[in-house]
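Novice: Pasting in a structure now, in structure tokens, and then I'll have a few things to ask.
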Amino acid sequence: MRITIEGASEEFERKLLDLLAEHRDELAVSVDTAWDVDRAMVFLNTLNEDARLFVRLVVESDGHLEAAVLREAFPRGLRGPTVALTYALKRGIKHDWWPEGTEAPVTVLYGGGPQDGWRQASAYEMSGEDLPVFRAALTHYDAAPRPPWDGEAPSAFAVHPSRAADADVPRALDEDPPTAPNFPDGATR
């Protein structure tokens, strides 16, 4: 028997966990760690542009891409995108977007033998089960509307547009910075 419960109250969850603890010897409890389209979409949305491109290139190459090809696509190195993939996986576990034990969707293959010590990545792969899931997620990601970006970031020192120009808002910069320490009269430090 397989049961999926979503949106349960805390009281229901507590009672269910008590019941499971009472019958633990009779039950086999497992957690679904497989990637689905929703999880893959969350994963892709948390990645930076380079890491998302990294995943896209592996998916578009039918789940196996030589590291040399990726090194050409990422001249500054593969460390940035691969670290971002690792952090995204850990972030998802931390925020309960997917359960602990969920495998990384993209894995590395190393060249040489274990006797060689440090080994450079020779290829990156995605499993056959995850490939159609991430294809669908990338299709959804590409179809989702994104707000236009003109390349200009708002000033950190500007008053937020939702505030009136004369609002009493703390300023990051003091227009008349003090020229001496502002100690109370007669006090020194």
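Residues are referred to by chain and number: the chain letter is A, B, ... according to the order shown in the structure tokens, the number counts from 1 in that chain, and ligands are numbered separately from 1 in the order shown.
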Could you make a table, as JSON lines, of the residues of stretch 54-156 of chain A that have an atom within 12 Å of an atom of stretch 18-40 of chain A, each with its nearest atom pair and distance in Å to one decimal, counting only C-alpha atoms, in chain and number order?
Specialist:
{"residue": "A:Val55", "atom": "CA", "partner": "A:Ala40", "partner_atom": "CA", "distance": 10.7}
{"residue": "A:Arg56", "atom": "CA", "partner": "A:Ala40", "partner_atom": "CA", "distance": 12.0}
{"residue": "A:Leu85", "atom": "CA", "partner": "A:Ala40", "partner_atom": "CA", "distance": 11.9}
{"residue": "A:Ala88", "atom": "CA", "partner": "A:Ala40", "partner_atom": "CA", "distance": 10.9}
{"residue": "A:Leu89", "atom": "CA", "partner": "A:Ala40", "partner_atom": "CA", "distance": 10.4}
{"residue": "A:Gly92", "atom": "CA", "partner": "A:Arg39", "partner_atom": "CA", "distance": 8.9}
{"residue": "A:Ile93", "atom": "CA", "partner": "A:Thr33", "partner_atom": "CA", "distance": 10.6}
{"residue": "A:Asp96", "atom": "CA", "partner": "A:Arg39", "partner_atom": "CA", "distance": 10.7}
{"residue": "A:Trp97", "atom": "CA", "partner": "A:Arg39", "partner_atom": "CA", "distance": 7.0}
{"residue": "A:Trp98", "atom": "CA", "partner": "A:Arg39", "partner_atom": "CA", "distance": 6.9}
{"residue": "A:Pro99", "atom": "CA", "partner": "A:Thr33", "partner_atom": "CA", "distance": 6.1}
{"residue": "A:Glu100", "atom": "CA", "partner": "A:Thr33", "partner_atom": "CA", "distance": 7.6}
{"residue": "A:Gly101", "atom": "CA", "partner": "A:Thr33", "partner_atom": "CA", "distance": 6.4}
{"residue": "A:Thr102", "atom": "CA", "partner": "A:Thr33", "partner_atom": "CA", "distance": 4.6}
{"residue": "A:Glu103", "atom": "CA", "partner": "A:Thr33", "partner_atom": "CA", "distance": 7.4}
{"residue": "A:Ala104", "atom": "CA", "partner": "A:Trp35", "partner_atom": "CA", "distance": 9.4}
{"residue": "A:Pro105", "atom": "CA", "partner": "A:Trp35", "partner_atom": "CA", "distance": 7.9}
{"residue": "A:Val106", "atom": "CA", "partner": "A:Trp35", "partner_atom": "CA", "distance": 11.7}
{"residue": "A:Met126", "atom": "CA", "partner": "A:Trp35", "partner_atom": "CA", "distance": 11.5}
{"residue": "A:Ser127", "atom": "CA", "partner": "A:Trp35", "partner_atom": "CA", "distance": 10.6}
{"residue": "A:Gly128", "atom": "CA", "partner": "A:Trp35", "partner_atom": "CA", "distance": 11.5}
{"residue": "A:Glu129", "atom": "CA", "partner": "A:Trp35", "partner_atom": "CA", "distance": 8.4}
{"residue": "A:Asp130", "atom": "CA", "partner": "A:Trp35", "partner_atom": "CA", "distance": 6.4}
{"residue": "A:Leu131", "atom": "CA", "partner": "A:Trp35", "partner_atom": "CA", "distance": 9.7}
{"residue": "A:Pro132", "atom": "CA", "partner": "A:Val37", "partner_atom": "CA", "distance": 8.9}
{"residue": "A:Val133", "atom": "CA", "partner": "A:Val37", "partner_atom": "CA", "distance": 5.3}
{"residue": "A:Phe134", "atom": "CA", "partner": "A:Ala40", "partner_atom": "CA", "distance": 6.1}
{"residue": "A:Arg135", "atom": "CA", "partner": "A:Val37", "partner_atom": "CA", "distance": 8.8}
{"residue": "A:Ala136", "atom": "CA", "partner": "A:Val37", "partner_atom": "CA", "distance": 6.6}
{"residue": "A:Ala137", "atom": "CA", "partner": "A:Val37", "partner_atom": "CA", "distance": 5.3}
{"residue": "A:Leu138", "atom": "CA", "partner": "A:Ala40", "partner_atom": "CA", "distance": 8.5}
{"residue": "A:Thr139", "atom": "CA", "partner": "A:Val37", "partner_atom": "CA", "distance": 10.2}
{"residue": "A:His140", "atom": "CA", "partner": "A:Val37", "partner_atom": "CA", "distance": 8.9}
{"residue": "A:Tyr141", "atom": "CA", "partner": "A:Ala40", "partner_atom": "CA", "distance": 9.8}
Novice: Go through A:Leu65, A:Leu109, A:Leu47, A:Val59 one by one, measure the shortest atom-to-atom distance of each to A:Ala84 using only C-alpha atoms, and give the residue with the smallest value.
Specialist: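 Among the listed residues, A:Leu47 lies closest to A:Ala84.
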Novice: Do a neighbour search on A:Ala68 at 9 Å with only C-alpha atoms, toss out local chain neighbours closer than 3 positions, and write the hits as a ChimeraX atom specification.
Specialist: /A:65,71-73,121-123
Novice: Would you mind writing down, as an NGL selection string, each residue of stretch 17-154 of chain A that DSSP on the backbone assigns to alpha helix (DSSP H)?
Specialist: :A and (17-22 or 37-46 or 49-60 or 67-73 or 79-94 or 130-143)
Novice: Could you tell me how far atom CA of A:Tyr124 lies from atom CA of A:Tyr110, in Å and to one decimal?
Specialist: 8.8 Å
Novice: Among stretch 4-170 of chain A, which ones does DSSP assign to strand (DSSP E) (computed from the backbone)? Answer as an NGL selection string.
Specialist: :A and (64-66 or 107-110 or 121-125)
Novice: For the residues in the current selection, export all heavy atoms as a short mmCIF file (atom, residue, chain, number, x, y, z; two decimals), in the first residue's frame.
Specialist:
data_model
loop_
_atom_site.label_atom_id
_atom_site.label_comp_id
_atom_site.auth_asym_id
_atom_site.auth_seq_id
_atom_site.Cartn_x
_atom_site.Cartn_y
_atom_site.Cartn_z
N HIS A 64 24.65 12.87 -21.67
CA HIS A 64 26.09 12.62 -21.55
C HIS A 64 26.83 13.66 -22.37
O HIS A 64 26.61 13.79 -23.57
CB HIS A 64 26.46 11.22 -22.05
CG HIS A 64 27.92 10.93 -21.92
ND1 HIS A 64 28.45 10.32 -20.82
CD2 HIS A 64 28.96 11.17 -22.77
CE1 HIS A 64 29.76 10.20 -20.98
NE2 HIS A 64 30.09 10.71 -22.16
N LEU A 65 27.71 14.40 -21.69
CA LEU A 65 28.47 15.43 -22.40
C LEU A 65 29.91 15.41 -21.91
O LEU A 65 30.17 15.41 -20.70
CB LEU A 65 27.84 16.81 -22.14
CG LEU A 65 28.39 17.97 -22.96
CD1 LEU A 65 28.26 17.72 -24.46
CD2 LEU A 65 27.67 19.26 -22.59
N GLU A 66 30.82 15.38 -22.86
CA GLU A 66 32.24 15.38 -22.53
C GLU A 66 32.61 16.69 -21.84
O GLU A 66 32.13 17.77 -22.21
CB GLU A 66 33.09 15.20 -23.79
CG GLU A 66 32.89 13.85 -24.47
CD GLU A 66 33.30 12.68 -23.57
OE1 GLU A 66 34.35 12.76 -22.90
OE2 GLU A 66 32.56 11.68 -23.55
N THR A 107 25.76 14.18 -12.72
CA THR A 107 26.89 13.58 -12.02
C THR A 107 28.14 13.64 -12.90
O THR A 107 28.05 13.74 -14.12
CB THR A 107 26.60 12.11 -11.64
OG1 THR A 107 26.26 11.39 -12.82
CG2 THR A 107 25.47 12.02 -10.64
N VAL A 108 29.28 13.55 -12.25
CA VAL A 108 30.56 13.66 -12.95
C VAL A 108 31.17 12.28 -13.16
O VAL A 108 31.01 11.38 -12.33
CB VAL A 108 31.53 14.58 -12.15
CG1 VAL A 108 31.85 13.99 -10.79
CG2 VAL A 108 32.79 14.85 -12.93
N LEU A 109 31.83 12.11 -14.29
CA LEU A 109 32.63 10.92 -14.56
C LEU A 109 34.08 11.37 -14.62
O LEU A 109 34.41 12.37 -15.27
CB LEU A 109 32.25 10.29 -15.90
CG LEU A 109 30.83 9.74 -16.02
CD1 LEU A 109 30.57 9.26 -17.44
CD2 LEU A 109 30.63 8.61 -15.04
N TYR A 110 34.95 10.63 -13.94
CA TYR A 110 36.36 10.99 -13.90
C TYR A 110 37.17 10.08 -14.80
O TYR A 110 36.87 8.89 -14.94
CB TYR A 110 36.91 10.90 -12.48
CG TYR A 110 36.32 11.94 -11.56
CD1 TYR A 110 35.34 11.62 -10.65
CD2 TYR A 110 36.76 13.25 -11.63
CE1 TYR A 110 34.80 12.60 -9.80
CE2 TYR A 110 36.24 14.23 -10.80
CZ TYR A 110 35.27 13.89 -9.89
OH TYR A 110 34.74 14.85 -9.07
N ALA A 121 37.68 15.85 -14.38
CA ALA A 121 36.40 15.35 -14.89
C ALA A 121 36.53 15.08 -16.38
O ALA A 121 37.11 15.87 -17.12
CB ALA A 121 35.30 16.36 -14.64
N SER A 122 36.02 13.93 -16.81
CA SER A 122 36.07 13.61 -18.24
C SER A 122 34.71 13.81 -18.90
O SER A 122 34.64 14.05 -20.10
CB SER A 122 36.56 12.18 -18.46
OG SER A 122 35.66 11.26 -17.88
N ALA A 123 33.63 13.69 -18.13
CA ALA A 123 32.29 13.87 -18.70
C ALA A 123 31.29 14.12 -17.57
O ALA A 123 31.59 13.88 -16.39
CB ALA A 123 31.87 12.65 -19.49
N TYR A 124 30.11 14.60 -17.95
CA TYR A 124 29.01 14.79 -17.02
C TYR A 124 27.80 14.08 -17.58
O TYR A 124 27.58 14.07 -18.79
CB TYR A 124 28.72 16.29 -16.82
CG TYR A 124 29.81 16.96 -16.02
CD1 TYR A 124 30.95 17.43 -16.64
CD2 TYR A 124 29.70 17.06 -14.63
CE1 TYR A 124 31.97 18.02 -15.90
CE2 TYR A 124 30.71 17.65 -13.90
CZ TYR A 124 31.83 18.13 -14.53
OH TYR A 124 32.84 18.70 -13.79
N GLU A 125 27.02 13.45 -16.67
CA GLU A 125 25.88 12.64 -17.09
C GLU A 125 24.63 12.98 -16.30
O GLU A 125 24.69 13.46 -15.18
CB GLU A 125 26.18 11.16 -16.85
CG GLU A 125 27.14 10.55 -17.80
CD GLU A 125 27.23 9.05 -17.61
OE1 GLU A 125 27.05 8.54 -16.48
OE2 GLU A 125 27.48 8.37 -18.61
#
Novice: In Å, how far is it from atom CA of A:Arg119 to atom CA of A:Thr82?
Specialist: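 Distance reported for this atom pair: 15.5 Å.
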Novice: Taking into account only C-alpha atoms, which residue in the set A:Pro81, A:Pro147, A:Gly111, A:Pro75 is nearest to A:Phe54?
Specialist: A:Pro81
Novice: Kindly give the distance, in Å, that separates atom CA of A:Leu78 and atom CA of A:Gly151, rounded to a single decimal.
Specialist: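 Atom CA of A:Gly151 lies 25.1 Å from atom CA of A:Leu78.
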